[in-house]
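These notes concern the structure reproduced below.
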Amino acid sequence: MTPIAPPVLITGLVFEAAPAPADGGEYEPAVGTSREEKEILATLEDKAAAKTASDYQHIVWAYGILWALFAAYGLFLWRRSARLRADVDALRQELGRSGARGGPGA
Amino acid sequence: MSGAQQPITPIVLRSISQRFGRKVVLRGVDLELRARSITGLVGANGAGKTTLFLILAGLLQPDGGERRYGERVVADIDLELRARLAYVAHAPQLYPGLGARANLELFAELRHAAGLSSRPADDVLRGLGLPAEALDRPVSTFSRGMAQRVALARAVAGDPELLLLDEPFTALDARGRAQLAGALLAERDRGAAILLSSHDQGTLLRVCDRLVLLEAGAIVREVERGDDDPAGFAARASEVLGAVGPDDHAAA
Amino acid sequence: MLHLAPVRLLRQSLLLLRSELRQELRDLELVLTSTFFTLVVLGMFYLSFAALEKKHTMPAVPGLLWLTVAFVGTITLTRAFDREREADTLRALLAAPVERLAIYVAKAGSTLLVLLVCCALLVPGLASMFPAGQVFWDMPLETVALVVLGCLGYVAIGTLFAAGLAGGGGKNMLLAVILYPVTTPVLMFALVTTRALLDKNPNLPSYLGQMAALDVILLGLGALLFEPVLVGAAPARTAQAARQHARDRLRTTGREEPR
Amino acid sequence: MKRKSEFVVPLLFLAAAPLVVYSVQRVFLHTPNERTMGTAFKIFFFHVPMGWLCMLMAVISGVAAYVQLRRRSRTASAVALAAAEVGFLGGLGVMLTGPIWGHATWGTPWTGDARQVTTALLWLVIAAYLLLRHFGQHASERLAAALAIFGAVNVPLIYYAVKLWKTTHPTTGVVAKLPPEMWATFWPGLSALLLVSFGLFAIRARQLVLAGELDDAYVRLEDSRA
């Protein structure tokens, strides 16, 4: 967690109060980026990270469904094939039987 | 236009076949229908009789085989051919709300609209024994036999060269059957080729010039009435009729 | 002597349409059941939506209008062809020397008339029920054009499929299964146009024109497919044999004539 | 006897295999994220081709159905049914991934705009066709063919409806405005999908033709015994 304390929300007030501890020397303002910008960036990065994560979840779902659809259709086709093959085998058997009886198959 | 003058008889079916998937309804039927002749089609229920009628009337396209009407090999039964054939189905196919005369007049007007002629409705209906008081009653009040007569009247009104009758004698009493048989003979003498299916053996024997036995979608027997030997025909015909089996008559 | 095909088509269509109407006038079965159903639906709409504010009725009215047309259309077509099926009269017409297209035209025409009678109740009903429908009163000509075009498109498709099911001995349950998805494009166009009418959109004439074009396409398609669907075409081999035979005959007669 | 078509299917799949790998690699590793729609844009690369597949198959089915109706061709009947099945699959893919994309980008699974609605409609017509082919009797096969033809006619309506109803959905414009590297990813994905789908379609069509021939064989066997 980034240390975003409630005061940040009222940034203006916080930063008005901030330049005070000149005596302590423990606080040194970063050059180039203000704390405000940093914290805004951090929030945005957080949001972006969350968005990307959720996006990836969506992508996984979408692609998962697509592959599953095709797999299901493949399975359906495969089952049809098996049934057809069984049918052809049955026909062969019938032919063999009528062949043995001296039918046209002989 | 010159084709219209040529007769559409004889009608020749050559190896007509019809199937639905693995169920074969007709297998290689060869049949010839000649002018001035009544052919009786007999066979058990489900032998494919009705399908054969539908194919001849142009209501069903066969899966294979050839239909020849006169000189023409026919792919579609077009309007010109339909003008010269008539089909009486198992059901009377009449508008129940209309009277007998109105039913006939509708079809007569349709013929006129196409430039075809038609006999006056009243004449045909009376000729088939429909009482005058019944002419304008709605057909829905008719008995099955009366409706059957109206249907036949409608068929013959256009003087068809080919008359297809699927079970016309059903639900008729003996007098009605005799009347109908008389009408059929008259149509034959006018020059029509008639195909007739029925379970009524007596009438078949009386009117038919030829009997054809349809079994499981194939024509298996044929007997013709010779000029010389009426008794022989009767004997052979009874044999064919016997092959249908008695159970099926009851079912019809 | 046979009349030319267009003459036959026109005369036989009129005859069949007249016969349809005559039979309908005898007992008014279709008109009565369909208009009654329309009234019932209108009543249901009133109970369900009378409390809507005006801005909400704006998008609701087109939907209510065309949804009702879809319902009534299904009922009318089902009943109209059920009657044909009960007496098997459709087959009698198909076997008679009647242009098959005339059967389509007559059936579509009579169904259209029944639908229009229903709309004659439906549109004023909606107009008086919902404030947004006021436009129907304000622009009567456009409203009539819209309703006629919408119903015509619906009937053009509906007749084909209802006849196909009635002729093929198919199951009637399937009619609803087919009719709704197939007629939705027409109804969608009708919806858009109705919304344009209610919005007083200046492009309304162009929308109506598009609907007319769609109707022409659908009628053409219905007419084109009616005979093949009801009777079927000859198998390719048979058709080829017939053509070959015709050619042979032509050749032989051609040879004989010079002699 | 080996037929030409028996080599076509493995060839299609063989050609599809590297394309599938390549397109997946491109989609997930190579292609930059789209700015406004974010990572979820990657769904686009299969969502849109699925839509195209659905429409293409509807058109194929309609044309085949017309041939079937006019010439009574059993092969055309098989092609029409196979195409409808694959089109149904494509439509289902669109309808399922569409809401996922919509949820990721607009926060709502169903925006209810014209293209969604009309695709759903086309899909319903295909579904009705399959129902009729499956449950209708023999005579309704011709009616089913008419239904397939109407499905094909619906396809241009789908495009037209988008014009008529201008809404939030990315219209054809978005696809056209795609930067070239997106297109470079899009085409392999589309080709892979089409190859696989045509492979499945060919298998199914051949199965149906085979089933018909099998019927013939049974009938002939029965004939020879009679």
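Each chain in the structure tokens gets a letter, A, B, ..., in the order shown, and its residues are numbered from 1; ligands are numbered from 1 in order too.
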
Could you build a table of the residues in chain C lying no more than 6 Å from chain D, giving for each the nearest pair of atoms and their separation in Å rounded to one decimal place, using only C-alpha atoms, ordered by chain and ascending residue number, as JSON lines?
{"residue": "C:Gly164", "atom": "CA", "partner": "D:Leu143", "partner_atom": "CA", "distance": 5.9}
{"residue": "C:Gly168", "atom": "CA", "partner": "D:Ala139", "partner_atom": "CA", "distance": 5.0}
{"residue": "C:Ile178", "atom": "CA", "partner": "D:Ala128", "partner_atom": "CA", "distance": 5.9}
{"residue": "C:Pro181", "atom": "CA", "partner": "D:Val125", "partner_atom": "CA", "distance": 5.4}
{"residue": "C:Val229", "atom": "CA", "partner": "D:Arg142", "partner_atom": "CA", "distance": 5.2}
{"residue": "C:Ala233", "atom": "CA", "partner": "D:Arg70", "partner_atom": "CA", "distance": 5.6}
{"residue": "C:Pro235", "atom": "CA", "partner": "D:Arg72", "partner_atom": "CA", "distance": 4.8}
{"residue": "C:Ala236", "atom": "CA", "partner": "D:Arg71", "partner_atom": "CA", "distance": 5.0}

With the cut-off set at 7 Å and counting only C-alpha atoms, tabulate each residue of chain C with an atom at most that distance from an atom of chain B, showing the nearest atom pair and its distance in Å to one decimal, ordered by chain and increasing number, as CSV.
residue,atom,partner,partner_atom,distance
C:Met1,CA,B:Gly115,CA,5.8
C:Leu2,CA,B:Gly115,CA,4.7
C:His3,CA,B:Gly115,CA,5.1
C:Arg8,CA,B:Ala114,CA,4.9
C:Arg11,CA,B:Ala113,CA,5.6
C:Gln12,CA,B:Leu110,CA,5.7
C:Leu15,CA,B:Leu110,CA,6.9
C:Gln23,CA,B:Gly97,CA,6.5
C:Ala87,CA,B:Gln93,CA,5.2
C:Asp88,CA,B:Gln93,CA,5.0
C:Thr89,CA,B:Gln93,CA,4.6
C:Ala92,CA,B:Gln93,CA,6.0
C:Leu94,CA,B:Leu59,CA,7.0
C:Ala95,CA,B:Ala57,CA,6.2
C:Ala96,CA,B:Arg82,CA,5.8
C:Pro97,CA,B:Ala83,CA,4.7
C:Val98,CA,B:Leu79,CA,6.6
C:Glu99,CA,B:Leu79,CA,6.9
C:Val231,CA,B:Leu59,CA,5.6
C:Gly232,CA,B:Gln61,CA,6.2
C:Ala233,CA,B:Gln61,CA,6.4
C:Ala234,CA,B:Gln61,CA,5.6
C:Pro235,CA,B:Asp63,CA,6.4
C:Thr238,CA,B:Ala75,CA,6.1
C:Ala239,CA,B:Ala75,CA,5.0
C:Ala242,CA,B:Val73,CA,5.1
C:His245,CA,B:Val73,CA,6.4

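Atom pair CA of Thr50 (chain B) / CA of Ala108 (chain B) has a distance of 25.5 Å (rounded to one decimal).
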
Show me, as a CSV table (one decimal) with N, CA, C and O atoms, in the first residue's frame, every residue of chain A with an atom at most 7 Å from chain D, counting only C-alpha atoms.
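Writing the result to iface.csv gives the following:
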chain,number,residue,atom,x,y,z
A,52,THR,N,-5.4,-3.6,-16.1
A,52,THR,CA,-4.7,-4.6,-16.9
A,52,THR,C,-5.1,-6.0,-16.4
A,52,THR,O,-5.3,-6.9,-17.1
A,55,ASP,N,-8.4,-6.7,-17.3
A,55,ASP,CA,-8.4,-7.0,-18.8
A,55,ASP,C,-8.0,-8.4,-19.1
A,55,ASP,O,-8.6,-9.1,-19.9
A,56,TYR,N,-6.9,-8.8,-18.4
A,56,TYR,CA,-6.3,-10.1,-18.7
A,56,TYR,C,-7.3,-11.1,-18.3
A,56,TYR,O,-7.5,-12.1,-19.0
A,58,HIS,N,-10.5,-10.8,-18.5
A,58,HIS,CA,-11.5,-10.8,-19.6
A,58,HIS,C,-10.9,-11.6,-20.8
A,58,HIS,O,-11.6,-12.3,-21.4
A,59,ILE,N,-9.6,-11.3,-21.1
A,59,ILE,CA,-9.1,-11.9,-22.3
A,59,ILE,C,-9.1,-13.4,-22.1
A,59,ILE,O,-9.4,-14.2,-23.0
A,62,ALA,N,-12.5,-14.7,-22.6
A,62,ALA,CA,-12.9,-14.7,-24.0
A,62,ALA,C,-12.2,-15.8,-24.8
A,62,ALA,O,-12.9,-16.5,-25.5
A,66,LEU,N,-13.7,-19.2,-26.7
A,66,LEU,CA,-13.6,-19.4,-28.1
A,66,LEU,C,-13.0,-20.8,-28.3
A,66,LEU,O,-13.5,-21.6,-29.1
A,77,LEU,N,-18.0,-33.3,-34.1
A,77,LEU,CA,-17.7,-33.9,-35.4
A,77,LEU,C,-17.1,-35.3,-35.2
A,77,LEU,O,-17.4,-36.2,-35.9
A,84,LEU,N,-20.8,-42.6,-38.0
A,84,LEU,CA,-20.7,-43.0,-39.4
A,84,LEU,C,-19.9,-44.2,-39.6
A,84,LEU,O,-20.3,-45.1,-40.4
A,104,PRO,N,-25.6,-60.4,-54.1
A,104,PRO,CA,-24.8,-59.6,-55.0
A,104,PRO,C,-23.5,-59.2,-54.5
A,104,PRO,O,-22.6,-58.8,-55.3

- May I ask which of the residues B:Leu13, B:Leu26, B:Leu165, B:Ala153 is the closest one to chain D, counting only C-alpha atoms? B:Leu26

From the DSSP assignment of the backbone, select every residue of region 27-73 of chain B that is strand (DSSP E or B), and format the answer as a PDB file with N, CA and C atoms, in the first residue's frame.
ATOM      1  N   ARG B  27     -39.607 -47.456 -55.790  1.00  0.00           N
ATOM      2  CA  ARG B  27     -38.320 -47.889 -56.348  1.00  0.00           C
ATOM      3  C   ARG B  27     -38.508 -48.308 -57.800  1.00  0.00           C
ATOM      4  N   GLY B  28     -38.019 -47.480 -58.683  1.00  0.00           N
ATOM      5  CA  GLY B  28     -38.010 -47.805 -60.104  1.00  0.00           C
ATOM      6  C   GLY B  28     -39.361 -48.195 -60.668  1.00  0.00           C
ATOM      7  N   VAL B  29     -40.338 -47.312 -60.519  1.00  0.00           N
ATOM      8  CA  VAL B  29     -41.672 -47.646 -61.030  1.00  0.00           C
ATOM      9  C   VAL B  29     -41.751 -47.349 -62.529  1.00  0.00           C
ATOM     10  N   ASP B  30     -42.131 -48.330 -63.302  1.00  0.00           N
ATOM     11  CA  ASP B  30     -42.421 -48.144 -64.730  1.00  0.00           C
ATOM     12  C   ASP B  30     -43.920 -48.299 -64.904  1.00  0.00           C
ATOM     13  N   LEU B  31     -44.525 -47.322 -65.542  1.00  0.00           N
ATOM     14  CA  LEU B  31     -45.980 -47.385 -65.693  1.00  0.00           C
ATOM     15  C   LEU B  31     -46.372 -46.628 -66.941  1.00  0.00           C
ATOM     16  N   GLU B  32     -47.333 -47.191 -67.666  1.00  0.00           N
ATOM     17  CA  GLU B  32     -47.821 -46.476 -68.831  1.00  0.00           C
ATOM     18  C   GLU B  32     -49.325 -46.310 -68.714  1.00  0.00           C
ATOM     19  N   LEU B  33     -49.789 -45.084 -68.872  1.00  0.00           N
ATOM     20  CA  LEU B  33     -51.229 -44.822 -68.823  1.00  0.00           C
ATOM     21  C   LEU B  33     -51.668 -44.415 -70.213  1.00  0.00           C
ATOM     22  N   SER B  37     -58.518 -45.601 -71.316  1.00  0.00           N
ATOM     23  CA  SER B  37     -58.231 -46.809 -70.548  1.00  0.00           C
ATOM     24  C   SER B  37     -58.204 -46.459 -69.058  1.00  0.00           C
ATOM     25  N   ILE B  38     -58.742 -47.366 -68.245  1.00  0.00           N
ATOM     26  CA  ILE B  38     -58.738 -47.164 -66.794  1.00  0.00           C
ATOM     27  C   ILE B  38     -57.748 -48.137 -66.170  1.00  0.00           C
ATOM     28  N   THR B  39     -56.782 -47.608 -65.468  1.00  0.00           N
ATOM     29  CA  THR B  39     -55.811 -48.453 -64.796  1.00  0.00           C
ATOM     30  C   THR B  39     -56.095 -48.433 -63.306  1.00  0.00           C
ATOM     31  N   GLY B  40     -56.242 -49.600 -62.734  1.00  0.00           N
ATOM     32  CA  GLY B  40     -56.481 -49.681 -61.296  1.00  0.00           C
ATOM     33  C   GLY B  40     -55.168 -49.904 -60.573  1.00  0.00           C
ATOM     34  N   LEU B  41     -54.942 -49.094 -59.557  1.00  0.00           N
ATOM     35  CA  LEU B  41     -53.704 -49.221 -58.788  1.00  0.00           C
ATOM     36  C   LEU B  41     -54.072 -49.806 -57.432  1.00  0.00           C
ATOM     37  N   VAL B  42     -53.584 -50.989 -57.158  1.00  0.00           N
ATOM     38  CA  VAL B  42     -53.895 -51.589 -55.866  1.00  0.00           C
ATOM     39  C   VAL B  42     -52.608 -51.860 -55.100  1.00  0.00           C
ATOM     40  N   GLY B  64     -35.769 -39.501 -58.815  1.00  0.00           N
ATOM     41  CA  GLY B  64     -35.118 -39.956 -60.030  1.00  0.00           C
ATOM     42  C   GLY B  64     -36.139 -40.549 -60.978  1.00  0.00           C
ATOM     43  N   GLY B  65     -35.731 -40.740 -62.215  1.00  0.00           N
ATOM     44  CA  GLY B  65     -36.627 -41.328 -63.196  1.00  0.00           C
ATOM     45  C   GLY B  65     -37.151 -40.280 -64.151  1.00  0.00           C
ATOM     46  N   GLU B  66     -37.999 -40.736 -65.063  1.00  0.00           N
ATOM     47  CA  GLU B  66     -38.432 -39.875 -66.156  1.00  0.00           C
ATOM     48  C   GLU B  66     -39.945 -39.898 -66.249  1.00  0.00           C
ATOM     49  N   ARG B  67     -40.522 -38.729 -66.443  1.00  0.00           N
ATOM     50  CA  ARG B  67     -41.963 -38.653 -66.690  1.00  0.00           C
ATOM     51  C   ARG B  67     -42.141 -38.170 -68.119  1.00  0.00           C
ATOM     52  N   ARG B  68     -42.940 -38.892 -68.872  1.00  0.00           N
ATOM     53  CA  ARG B  68     -43.171 -38.489 -70.258  1.00  0.00           C
ATOM     54  C   ARG B  68     -44.676 -38.334 -70.468  1.00  0.00           C
ATOM     55  N   TYR B  69     -45.083 -37.127 -70.858  1.00  0.00           N
ATOM     56  CA  TYR B  69     -46.500 -36.867 -71.115  1.00  0.00           C
ATOM     57  C   TYR B  69     -46.647 -36.676 -72.608  1.00  0.00           C
ATOM     58  N   ARG B  72     -43.615 -35.264 -74.678  1.00  0.00           N
ATOM     59  CA  ARG B  72     -42.692 -34.471 -73.873  1.00  0.00           C
ATOM     60  C   ARG B  72     -42.118 -35.242 -72.696  1.00  0.00           C
ATOM     61  N   VAL B  73     -40.796 -35.123 -72.526  1.00  0.00           N
ATOM     62  CA  VAL B  73     -40.218 -35.532 -71.250  1.00  0.00           C
ATOM     63  C   VAL B  73     -40.301 -34.317 -70.346  1.00  0.00           C
TER      64      VAL B  73
END

- Task: Provide as an NGL selection string the residues of chain B at most 9 Å from chain D, counting only C-alpha atoms.
- Result: :B and (20-24 or 27 or 63)

Could you save the residues just selected, with N, CA and C atoms, as a short mmCIF file (atom, residue, chain, number, x, y, z; two decimals), in the first residue's frame?
data_model
loop_
_atom_site.label_atom_id
_atom_site.label_comp_id
_atom_site.auth_asym_id
_atom_site.auth_seq_id
_atom_site.Cartn_x
_atom_site.Cartn_y
_atom_site.Cartn_z
N PHE B 20 -37.11 -41.05 -48.77
CA PHE B 20 -36.82 -40.07 -47.73
C PHE B 20 -35.73 -40.70 -46.87
N GLY B 21 -34.49 -40.29 -47.08
CA GLY B 21 -33.39 -40.90 -46.36
C GLY B 21 -33.28 -42.36 -46.75
N ARG B 22 -33.38 -43.24 -45.74
CA ARG B 22 -33.26 -44.67 -46.04
C ARG B 22 -34.60 -45.30 -46.34
N LYS B 23 -35.67 -44.51 -46.13
CA LYS B 23 -36.99 -45.07 -46.36
C LYS B 23 -37.34 -44.92 -47.84
N VAL B 24 -37.48 -46.06 -48.50
CA VAL B 24 -37.79 -46.02 -49.93
C VAL B 24 -39.30 -46.04 -50.11
N ARG B 27 -39.61 -47.46 -55.79
CA ARG B 27 -38.32 -47.89 -56.35
C ARG B 27 -38.51 -48.31 -57.80
N ASP B 63 -37.32 -38.25 -56.97
CA ASP B 63 -35.86 -38.18 -56.81
C ASP B 63 -35.15 -38.59 -58.09
#

- Would you kindly return, as a PyMOL selection string, each protein, DNA or RNA residue with an atom no farther than 12 Å from any atom of Glu6 (chain D), considering only C-alpha atoms and excluding same-chain residues fewer than 6 positions away? chain D and resi 12+199+202-203+205-207

- Correct to one decimal, the distance CA of Ala192 (chain D)-CA of Tyr22 (chain D) is 9.2 Å

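Note that CA of Asp215 (chain C) and CA of Gly153 (chain C) are 4.7 Å apart.
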
- Item | Contacts of region 124-140 of chain C at 9 Å (only C-alpha atoms; same-chain gap of 6+ positions) as a list in words | Leu39, Leu42, Phe45, Tyr46, Phe49, Ala50, Leu52, Glu53, Lys54, Lys55, His56, Thr57, Met58, Pro59, Ala60, Val61, Pro62, Leu64, Leu65, Leu197, Leu198, Asp199 and Lys200 of chain C
